[in-house]
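What's in target-v3.tsv: TSV, C-alpha atoms
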```tsv
chain	number	residue	atom	x	y	z
A	1	MET	CA	-43.02	-17.00	-1.32
A	2	ASP	CA	-43.39	-14.81	1.70
A	3	ARG	CA	-40.11	-13.50	3.09
A	4	ASN	CA	-41.24	-14.28	6.62
A	5	GLN	CA	-41.32	-17.98	5.77
A	6	ILE	CA	-37.65	-17.87	4.74
A	7	VAL	CA	-36.44	-15.71	7.62
A	8	GLN	CA	-36.81	-18.35	10.33
A	9	PRO	CA	-34.15	-19.55	12.79
A	10	GLU	CA	-34.15	-23.07	11.31
A	11	ASN	CA	-33.22	-21.69	7.87
A	12	ILE	CA	-30.06	-19.87	8.99
A	13	VAL	CA	-27.05	-20.94	6.90
A	14	CYS	CA	-24.61	-18.22	7.91
A	15	LYS	CA	-24.44	-15.83	10.85
A	16	LYS	CA	-22.01	-14.06	13.09
A	17	PRO	CA	-20.20	-16.71	15.20
A	18	THR	CA	-21.66	-17.05	18.70
A	19	LEU	CA	-18.23	-16.49	20.26
A	20	MET	CA	-17.93	-13.14	18.52
A	21	ASN	CA	-19.69	-10.57	20.69
A	22	ASP	CA	-21.65	-7.48	19.69
A	23	ASN	CA	-18.87	-4.95	20.31
A	24	ASN	CA	-18.33	-2.97	17.15
A	25	MET	CA	-14.88	-3.77	15.79
A	26	HIS	CA	-12.48	-0.84	15.45
A	27	TYR	CA	-10.94	-2.19	12.25
A	28	CYS	CA	-11.18	-0.17	9.04
A	29	PRO	CA	-13.95	-1.17	6.61
A	30	GLY	CA	-12.92	-4.28	4.67
A	31	CYS	CA	-9.99	-5.18	6.92
A	32	SER	CA	-8.87	-8.82	6.76
A	33	HIS	CA	-8.59	-8.95	10.56
A	34	GLY	CA	-12.38	-9.26	10.85
A	35	VAL	CA	-12.51	-12.38	8.71
A	36	VAL	CA	-9.62	-13.98	10.60
A	37	HIS	CA	-11.38	-13.19	13.90
A	38	LYS	CA	-14.50	-14.85	12.56
A	39	LEU	CA	-12.56	-17.96	11.53
A	40	ILE	CA	-10.96	-18.25	14.97
A	41	ALA	CA	-14.35	-17.92	16.68
A	42	GLU	CA	-15.93	-20.49	14.37
A	43	VAL	CA	-13.13	-23.04	14.69
A	44	ILE	CA	-12.99	-22.80	18.50
A	45	GLU	CA	-16.77	-23.19	18.61
A	46	GLU	CA	-16.71	-26.21	16.30
A	47	MET	CA	-13.98	-27.83	18.39
A	48	GLY	CA	-15.99	-27.22	21.57
A	49	MET	CA	-13.01	-25.44	23.16
A	50	GLU	CA	-14.86	-22.28	24.24
A	51	ASP	CA	-13.88	-22.71	27.88
A	52	LYS	CA	-10.35	-23.92	27.20
A	53	ALA	CA	-9.05	-21.51	24.59
A	54	VAL	CA	-6.54	-18.84	25.59
A	55	GLY	CA	-5.52	-16.22	23.06
A	56	VAL	CA	-2.58	-13.87	23.32
A	57	SER	CA	-3.19	-10.55	21.63
A	58	PRO	CA	-0.35	-8.48	20.19
A	59	VAL	CA	0.50	-4.84	19.86
A	60	GLY	CA	-0.71	-3.50	16.54
A	61	CYS	CA	-4.11	-3.24	14.91
A	62	ALA	CA	-5.26	-6.44	16.63
A	63	VAL	CA	-4.40	-5.13	20.09
A	64	PHE	CA	-8.09	-5.10	21.03
A	65	ALA	CA	-8.76	-8.64	19.79
A	66	TYR	CA	-9.73	-9.51	23.37
A	67	ASN	CA	-12.73	-7.21	23.07
A	68	TYR	CA	-14.30	-9.14	20.24
A	69	ILE	CA	-13.99	-12.90	20.86
A	70	ASP	CA	-15.41	-14.22	24.13
A	71	ILE	CA	-12.60	-16.53	25.25
A	72	ASP	CA	-9.74	-16.01	27.72
A	73	TRP	CA	-7.09	-13.58	26.53
A	74	GLN	CA	-3.77	-12.19	27.64
A	75	GLU	CA	-2.22	-9.04	26.27
A	76	ALA	CA	1.48	-9.35	25.57
A	77	ALA	CA	4.17	-6.69	25.39
A	78	HIS	CA	5.12	-5.78	21.84
A	79	GLY	CA	6.35	-8.90	20.05
A	80	ARG	CA	6.44	-11.10	23.15
A	81	ALA	CA	3.23	-13.02	22.50
A	82	PRO	CA	4.95	-16.37	21.74
A	83	ALA	CA	6.93	-16.13	25.01
A	84	LEU	CA	3.74	-15.46	26.97
A	85	ALA	CA	1.92	-18.26	25.13
A	86	THR	CA	4.79	-20.62	26.02
A	87	GLY	CA	4.27	-19.87	29.70
A	88	ILE	CA	0.51	-20.34	29.51
A	89	LYS	CA	0.76	-23.62	27.61
A	90	ARG	CA	3.39	-25.04	29.96
A	91	CYS	CA	1.28	-24.21	33.02
A	92	TRP	CA	-1.95	-25.40	31.42
A	93	PRO	CA	-1.19	-28.15	28.89
A	94	ASP	CA	-4.90	-28.86	28.40
A	95	ARG	CA	-5.59	-25.38	27.04
A	96	LEU	CA	-5.72	-24.38	23.42
A	97	VAL	CA	-3.16	-21.58	23.34
A	98	PHE	CA	-2.63	-19.37	20.33
A	99	THR	CA	-1.11	-16.00	19.58
A	100	TYR	CA	-2.54	-13.51	17.15
A	101	GLN	CA	0.12	-11.26	15.64
A	102	GLY	CA	0.66	-8.89	12.79
A	103	ASP	CA	3.80	-8.52	10.72
A	104	GLY	CA	5.18	-5.60	12.74
A	105	ASP	CA	4.74	-7.54	15.96
A	106	LEU	CA	5.84	-10.97	14.77
A	107	ALA	CA	8.38	-10.25	12.03
A	108	CYS	CA	10.06	-7.15	13.47
A	109	ILE	CA	10.22	-6.63	17.22
A	110	GLY	CA	9.16	-10.19	18.02
A	111	THR	CA	11.33	-12.10	15.53
A	112	CYS	CA	13.45	-13.57	18.32
A	113	GLU	CA	10.51	-14.78	20.43
A	114	THR	CA	8.74	-16.17	17.40
A	115	ILE	CA	11.68	-18.12	16.04
A	116	HIS	CA	12.67	-19.53	19.42
A	117	ALA	CA	9.13	-20.52	20.43
A	118	LEU	CA	8.71	-22.29	17.10
A	119	ASN	CA	12.13	-23.89	17.36
A	120	ARG	CA	11.43	-25.19	20.86
A	121	GLY	CA	8.36	-26.90	19.47
A	122	GLU	CA	5.99	-25.38	22.00
A	123	ASN	CA	2.49	-26.75	21.47
A	124	ILE	CA	1.04	-23.41	20.50
A	125	VAL	CA	-0.39	-21.95	17.32
A	126	ILE	CA	0.94	-18.66	16.00
A	127	ILE	CA	-1.53	-16.82	13.80
A	128	PHE	CA	0.34	-14.36	11.64
A	129	VAL	CA	-1.58	-11.68	9.77
A	130	ASN	CA	0.79	-10.34	7.13
A	131	ASN	CA	-0.34	-7.18	5.36
A	132	ALA	CA	3.16	-5.93	4.50
A	133	ILE	CA	2.74	-2.62	6.31
A	134	TYR	CA	2.41	-1.10	9.78
A	135	GLY	CA	-1.32	-0.43	9.76
A	136	MET	CA	-2.01	1.00	13.20
A	137	THR	CA	0.76	3.59	13.31
A	138	GLY	CA	0.06	5.10	9.91
A	139	GLY	CA	1.30	2.88	7.11
A	140	GLN	CA	5.07	2.76	7.66
A	141	MET	CA	7.40	0.23	6.03
A	142	ALA	CA	7.42	-3.18	7.72
A	143	PRO	CA	10.01	-5.99	7.39
A	144	THR	CA	7.53	-7.74	5.11
A	145	THR	CA	6.94	-4.75	2.79
A	146	LEU	CA	7.46	-5.79	-0.82
A	147	ILE	CA	10.27	-4.46	-3.00
A	148	GLY	CA	8.99	-1.31	-4.72
A	149	GLN	CA	5.97	-0.99	-2.45
A	150	LYS	CA	5.28	2.59	-1.40
A	151	THR	CA	4.65	3.36	2.27
A	152	SER	CA	4.81	6.56	4.29
A	153	THR	CA	8.45	5.89	5.28
A	154	CYS	CA	9.56	4.71	1.83
A	155	PRO	CA	7.52	7.02	-0.41
A	156	TYR	CA	9.58	6.12	-3.49
A	157	GLY	CA	9.10	2.39	-2.96
A	158	ARG	CA	11.13	-0.08	-0.92
A	159	ASP	CA	14.67	-0.16	-2.24
A	160	PRO	CA	16.73	-3.22	-1.22
A	161	GLU	CA	19.93	-1.12	-1.41
A	162	ILE	CA	18.68	1.03	1.45
A	163	HIS	CA	15.99	-1.02	3.21
A	164	GLY	CA	17.03	-4.62	2.67
A	165	TYR	CA	14.77	-7.41	1.52
A	166	PRO	CA	11.31	-8.52	2.70
A	167	LEU	CA	11.33	-11.23	5.34
A	168	LYS	CA	9.51	-14.50	4.66
A	169	MET	CA	8.73	-15.66	8.18
A	170	ALA	CA	6.76	-18.75	7.14
A	171	ASP	CA	9.71	-19.97	5.05
A	172	ILE	CA	12.01	-19.54	8.05
A	173	ALA	CA	9.53	-21.35	10.31
A	174	ALA	CA	9.30	-24.26	7.90
A	175	GLN	CA	13.07	-24.84	8.30
A	176	LEU	CA	12.82	-25.23	12.08
A	177	GLU	CA	12.76	-28.68	13.71
A	178	GLY	CA	10.10	-27.71	16.27
A	179	THR	CA	7.34	-26.83	13.85
A	180	CYS	CA	4.81	-29.44	12.74
A	181	TYR	CA	2.62	-27.36	10.47
A	182	VAL	CA	3.45	-24.17	8.59
A	183	THR	CA	0.97	-22.83	6.09
A	184	ARG	CA	0.21	-19.65	4.20
A	185	GLN	CA	-3.42	-18.78	3.55
A	186	SER	CA	-5.54	-15.78	2.60
A	187	VAL	CA	-9.10	-14.62	3.19
A	188	GLU	CA	-10.10	-12.65	0.09
A	189	SER	CA	-12.71	-15.04	-1.39
A	190	VAL	CA	-15.18	-17.68	-0.24
A	191	ALA	CA	-12.95	-20.52	-1.49
A	192	SER	CA	-9.82	-19.19	0.20
A	193	ILE	CA	-11.71	-18.49	3.44
A	194	ASN	CA	-12.97	-22.09	3.56
A	195	LYS	CA	-9.46	-23.36	2.91
A	196	ALA	CA	-8.01	-21.09	5.57
A	197	LYS	CA	-10.56	-22.34	8.08
A	198	LYS	CA	-9.51	-25.94	7.47
A	199	ALA	CA	-5.86	-24.98	7.90
A	200	LEU	CA	-6.60	-23.18	11.15
A	201	ARG	CA	-8.49	-26.16	12.54
A	202	LYS	CA	-5.64	-28.48	11.56
A	203	ALA	CA	-3.15	-26.27	13.40
A	204	PHE	CA	-5.33	-26.04	16.52
A	205	GLU	CA	-5.80	-29.81	16.57
A	206	ALA	CA	-2.07	-30.42	16.13
A	207	SER	CA	-1.32	-28.17	19.10
A	208	MET	CA	-3.83	-30.03	21.28
A	209	ALA	CA	-2.34	-33.36	20.16
A	210	GLY	CA	1.09	-32.14	21.31
A	211	LYS	CA	2.72	-32.44	17.92
A	212	GLY	CA	4.68	-29.18	18.05
A	213	SER	CA	4.22	-25.59	17.08
A	214	SER	CA	2.28	-24.35	14.10
A	215	LEU	CA	2.42	-21.12	12.16
A	216	VAL	CA	-0.62	-20.09	10.14
A	217	GLU	CA	0.16	-17.05	8.02
A	218	PHE	CA	-2.69	-15.04	6.50
A	219	VAL	CA	-1.64	-12.89	3.58
A	220	SER	CA	-3.90	-9.92	4.18
A	221	THR	CA	-4.84	-6.49	2.99
A	222	CYS	CA	-4.48	-3.12	4.66
A	223	ASN	CA	-6.63	-0.94	2.46
A	224	SER	CA	-6.10	2.18	4.59
A	225	GLY	CA	-2.33	1.76	4.63
A	226	TRP	CA	-2.17	0.83	0.97
A	227	LYS	CA	-4.51	3.75	0.16
A	228	LEU	CA	-6.89	1.57	-1.87
A	229	SER	CA	-10.55	0.61	-1.61
A	230	PRO	CA	-11.23	-2.79	0.03
A	231	ALA	CA	-12.01	-4.37	-3.35
A	232	LYS	CA	-8.93	-2.88	-5.05
A	233	ALA	CA	-6.76	-3.89	-2.10
A	234	ASN	CA	-7.82	-7.52	-2.67
A	235	GLU	CA	-6.84	-7.19	-6.34
A	236	TRP	CA	-3.52	-5.61	-5.44
A	237	MET	CA	-2.85	-8.44	-2.99
A	238	LYS	CA	-3.54	-11.07	-5.65
A	239	GLU	CA	-1.28	-9.34	-8.16
A	240	ASN	CA	1.62	-8.38	-5.91
A	241	MET	CA	1.55	-10.29	-2.63
A	242	PHE	CA	0.77	-13.81	-3.86
A	243	PRO	CA	3.76	-14.05	-6.26
A	244	PHE	CA	6.13	-13.20	-3.41
A	245	TYR	CA	4.21	-14.93	-0.61
A	246	PRO	CA	2.83	-18.02	-2.40
A	247	LYS	CA	-0.07	-19.73	-0.67
A	248	GLY	CA	-0.09	-23.33	0.48
A	249	ASP	CA	1.43	-25.64	3.07
A	250	LEU	CA	5.14	-25.08	3.56
A	251	LYS	CA	5.55	-27.87	6.07
A	252	ASP	CA	3.22	-30.61	7.22
A	253	THR	CA	4.53	-33.40	9.44
A	254	ILE	CA	1.22	-34.08	11.23
B	1	MET	CA	-38.48	-29.12	-9.09
B	2	ALA	CA	-37.17	-27.82	-5.81
B	3	LYS	CA	-35.73	-24.35	-5.87
B	4	LEU	CA	-33.58	-22.59	-3.32
B	5	LYS	CA	-34.85	-19.32	-1.98
B	6	GLY	CA	-32.72	-17.13	0.19
B	7	ALA	CA	-32.96	-14.00	2.26
B	8	ILE	CA	-30.45	-11.87	4.09
B	9	GLU	CA	-30.62	-9.65	7.12
B	10	VAL	CA	-27.98	-6.95	7.46
B	11	ASN	CA	-27.02	-5.56	10.84
B	12	THR	CA	-26.92	-2.01	9.52
B	13	GLU	CA	-25.46	-0.52	12.70
B	14	ARG	CA	-22.50	-2.90	12.56
B	15	CYS	CA	-21.94	-2.59	8.79
B	16	LYS	CA	-19.12	-0.31	7.64
B	17	GLY	CA	-19.99	-0.32	3.95
B	18	CYS	CA	-16.75	-1.98	2.80
B	19	SER	CA	-18.77	-3.42	-0.15
B	20	LEU	CA	-16.91	-6.76	-0.22
B	21	CYS	CA	-20.28	-8.56	-0.01
B	22	ILE	CA	-21.53	-6.70	-3.11
B	23	ILE	CA	-18.62	-8.13	-5.12
B	24	ALA	CA	-18.95	-11.60	-3.59
B	25	CYS	CA	-22.67	-11.92	-4.37
B	26	PRO	CA	-23.14	-13.93	-7.61
B	27	HIS	CA	-26.69	-12.63	-8.16
B	28	GLN	CA	-26.28	-8.88	-7.53
B	29	VAL	CA	-28.64	-8.97	-4.58
B	30	ILE	CA	-26.82	-6.40	-2.44
B	31	ALA	CA	-26.09	-2.72	-2.98
B	32	LEU	CA	-24.98	0.24	-0.90
B	33	ALA	CA	-27.92	2.11	0.57
B	34	ASN	CA	-27.83	5.85	0.11
B	35	LYS	CA	-27.89	6.30	3.87
B	36	VAL	CA	-25.47	6.23	6.79
B	37	ASN	CA	-25.80	4.56	10.18
B	38	LEU	CA	-25.33	6.11	13.62
B	39	ARG	CA	-21.57	5.66	13.39
B	40	GLY	CA	-21.45	7.54	10.10
B	41	TYR	CA	-20.76	4.57	7.83
B	42	PRO	CA	-22.75	3.93	4.66
B	43	TYR	CA	-24.30	0.46	4.86
B	44	VAL	CA	-25.50	-2.22	2.47
B	45	GLU	CA	-28.99	-3.54	1.95
B	46	ALA	CA	-30.68	-6.21	-0.14
B	47	VAL	CA	-32.10	-4.48	-3.21
B	48	ASN	CA	-32.91	-7.55	-5.28
B	49	GLU	CA	-33.81	-10.19	-2.72
B	50	GLU	CA	-35.94	-12.11	-5.24
B	51	ALA	CA	-32.70	-13.30	-6.85
B	52	CYS	CA	-31.13	-14.50	-3.58
B	53	VAL	CA	-30.46	-18.24	-3.42
B	54	GLY	CA	-28.94	-18.21	0.06
B	55	CYS	CA	-25.43	-19.18	-1.09
B	56	ALA	CA	-24.00	-17.29	1.94
B	57	SER	CA	-21.06	-15.83	-0.01
B	58	CYS	CA	-21.84	-12.38	1.40
B	59	GLY	CA	-21.96	-13.65	4.97
B	60	ILE	CA	-18.69	-15.54	4.61
B	61	VAL	CA	-16.67	-12.63	3.23
B	62	CYS	CA	-18.17	-9.99	5.56
B	63	PRO	CA	-15.31	-8.97	7.88
B	64	ASP	CA	-17.67	-7.79	10.60
B	65	GLY	CA	-20.18	-10.64	10.54
B	66	CYS	CA	-23.05	-8.28	9.78
B	67	ILE	CA	-25.01	-10.53	7.45
B	68	THR	CA	-27.30	-13.37	8.51
B	69	VAL	CA	-28.22	-15.61	5.58
B	70	TYR	CA	-31.35	-17.76	5.42
B	71	ARG	CA	-32.05	-20.51	2.87
B	72	LYS	CA	-35.17	-22.58	2.27
B	73	LYS	CA	-35.96	-25.26	-0.27
B	74	VAL	CA	-39.20	-24.46	-2.08
B	75	GLU	CA	-41.17	-27.02	-4.08
B	76	GLU	CA	-42.61	-25.56	-7.25
```

When written as structure tokens, how does the structure in this file appear?
Amino acid sequence: MDRNQIVQPENIVCKKPTLMNDNNMHYCPGCSHGVVHKLIAEVIEEMGMEDKAVGVSPVGCAVFAYNYIDIDWQEAAHGRAPALATGIKRCWPDRLVFTYQGDGDLACIGTCETIHALNRGENIVIIFVNNAIYGMTGGQMAPTTLIGQKTSTCPYGRDPEIHGYPLKMADIAAQLEGTCYVTRQSVESVASINKAKKALRKAFEASMAGKGSSLVEFVSTCNSGWKLSPAKANEWMKENMFPFYPKGDLKDTI
Amino acid sequence: MAKLKGAIEVNTERCKGCSLCIIACPHQVIALANKVNLRGYPYVEAVNEEACVGCASCGIVCPDGCITVYRKKVEE
């Protein structure tokens, strides 16, 4: 069969989401951020919330998220995205408000804002991309770095005697009264991406229904920071990250 | 019997050659081209498009949304 007969607009089964614009993304090759961006764009499009979605971008690798998805965005000071999202949602209750944060932003400098926004039960969604390292600044140890994991600031591996233990933010969030949905997902395979998309949609819908705050954690890779190829980083994540950060719903009261 | 035939189009200027699509493809349709784009990244191309069934695995895992997947049912 002629290729031209297959390559027709009516035969498209997968393409770049319409909400994602043509700006080239600055992320490293194979970075999980790209897939999460795609999921957000697709879910907002499917919900028909293009004109009513407001994202809050963090400080970290995803600082330029506003350049890639064509919805309204605000840029927050380091770690303060949940506080900013609280303000936006309270002023505009009909908007779909979400924050997009990495582990350095959410679990380190923004721990206070995150926990309190979740505990107040603000009707926002916090998207947490956890790659266990500070990617943008050069691969330093993060609060979520695994025990024994080597980074540029713990070159002999994280030692709990010196550096303390990794922080499980989703587990903390699940204990809070204000949260309605806390889940941990990943985006390394087709099956997990489809599952993550469903979880994201559930969280967005819960926030629009006024059921409380949601935290969607994506266990992710940072192949540059981990000094691995994108494919090997996915393998390393499956072997080392999933046992410590198990996937699944931690809380679901929707 | 109806058969599924697929085709892919890669946005080679957007592609960064991370190769995640090569691993995701169940029919070994995609491979790295021995070329680089304007931004200096190696990019992927369809080398065995005859085998493509349009499952869209490559498009779903692509972090940059570079791959458009087409699928058509063909009567034999």

Neighbour list for Glu75 (chain B) as JSON, numbers by chain, cut-off 7 Å, only C-alpha atoms, skip fewer than 2 positions in-chain: {"B": [1, 2, 3, 73]}

Proximal residues of chain B relative to chain A (all atoms listed in the file; 10 Å) as a PyMOL selection string: chain B and resi 5-9+13-24+39+41+49-50+54-74

Computed interatomic separation between CA of Trp92 (chain A) and CA of Asn123 (chain A) (Å):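 So the two atoms, CA of Trp92 (chain A) and CA of Asn123 (chain A), lie 11.0 Å apart.
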
Polymer residues at most 8 Å from Lys52 (chain A), all atoms listed in the file, same-chain spacing of 5 or more positions, as number ranges by chain: A: 71-72, 94-96

Using all atoms listed in the file: which of A:Ile124, A:Leu19, A:Val43, A:Ile69 has the shortest distance to Arg90 (chain A): A:Ile124

Point-to-point distance in Å for CA of Ile115 (chain A) and CA of Ala170 (chain A): 10.2 Å

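Picture a line from CA of Phe204 (chain A) to CA of Thr221 (chain A); it runs 23.8 Å.
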
Region 187-199 of chain A, all listed atoms, 3 Å padding on each side: what axis-aligned box centre and edge lengths in Å to one decimal come out, as lines of an AutoDock Vina configuration file?
```
center_x = -10.5
center_y = -19.3
center_z = 3.3
size_x = 15.3
size_y = 19.3
size_z = 15.6
```

Test item: which residues lie within 6 Å of (-2.1, -4.7, 12.0) counting all atoms listed in the file, as an NGL selection string: :A and (60-62 or 102 or 135-136)

Those same residues, written as a JSON list (two decimals), in the coordinates of the input with C-alpha atoms?
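Output (again-v8.json):
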```json
[["chain", "number", "residue", "atom", "x", "y", "z"],
["A", 60, "GLY", "CA", -0.71, -3.50, 16.54],
["A", 61, "CYS", "CA", -4.11, -3.24, 14.91],
["A", 62, "ALA", "CA", -5.26, -6.44, 16.63],
["A", 102, "GLY", "CA", 0.66, -8.89, 12.79],
["A", 135, "GLY", "CA", -1.32, -0.43, 9.76],
["A", 136, "MET", "CA", -2.01, 1.00, 13.20]]
```

Shortest interatomic distance to Ile127 (chain A) - which of A:Lys198, A:Arg184, A:Lys232, A:Lys211, counting only C-alpha atoms: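 Among the listed residues, A:Arg184 lies closest to Ile127 (chain A).
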
Can you tell me which residues surround Ser207 (chain A) at a distance of at most 12 Å, considering all atoms listed in the file, apart from same-chain residues fewer than 6 positions away, and format the answer as a tab-separated table (two decimals) with C-alpha atoms, keeping the file's coordinate frame?
```tsv
chain	number	residue	atom	x	y	z
A	53	ALA	CA	-9.05	-21.51	24.59
A	86	THR	CA	4.79	-20.62	26.02
A	89	LYS	CA	0.76	-23.62	27.61
A	93	PRO	CA	-1.19	-28.15	28.89
A	94	ASP	CA	-4.90	-28.86	28.40
A	95	ARG	CA	-5.59	-25.38	27.04
A	96	LEU	CA	-5.72	-24.38	23.42
A	97	VAL	CA	-3.16	-21.58	23.34
A	98	PHE	CA	-2.63	-19.37	20.33
A	118	LEU	CA	8.71	-22.29	17.10
A	121	GLY	CA	8.36	-26.90	19.47
A	122	GLU	CA	5.99	-25.38	22.00
A	123	ASN	CA	2.49	-26.75	21.47
A	124	ILE	CA	1.04	-23.41	20.50
A	125	VAL	CA	-0.39	-21.95	17.32
A	126	ILE	CA	0.94	-18.66	16.00
A	178	GLY	CA	10.10	-27.71	16.27
A	179	THR	CA	7.34	-26.83	13.85
A	180	CYS	CA	4.81	-29.44	12.74
A	181	TYR	CA	2.62	-27.36	10.47
A	200	LEU	CA	-6.60	-23.18	11.15
A	201	ARG	CA	-8.49	-26.16	12.54
A	213	SER	CA	4.22	-25.59	17.08
A	214	SER	CA	2.28	-24.35	14.10
A	215	LEU	CA	2.42	-21.12	12.16
A	254	ILE	CA	1.22	-34.08	11.23
```

10 Å contact set for Pro58 (chain A), only C-alpha atoms, chain neighbours under 6 positions out, as a list in words: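 Surrounding residues, per the criterion: Phe64, Ala65, Tyr66, Gln74, Glu75, Ala76, Ala77, His78, Gly79, Arg80, Ala81, Pro82, Thr99, Tyr100, Gln101, Gly102, Gly104, Asp105, Leu106 and Gly110 of chain A.
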
A:Gly212, A:Asn223, A:Ser186, A:Leu250 ranked by distance to Lys238 (chain A), top pick (using all atoms listed in the file):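 Of A:Gly212, A:Asn223, A:Ser186, A:Leu250, the one nearest Lys238 (chain A), counting all atoms listed in the file, is A:Ser186.
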
Selection: 12 Å around Asn34 (chain B), only C-alpha atoms, excl. self and same-chain fewer than 2 positions, as JSON, numbers by chain: {"B": [17, 31, 32, 36, 37, 40, 41, 42, 43, 44, 45, 47]}
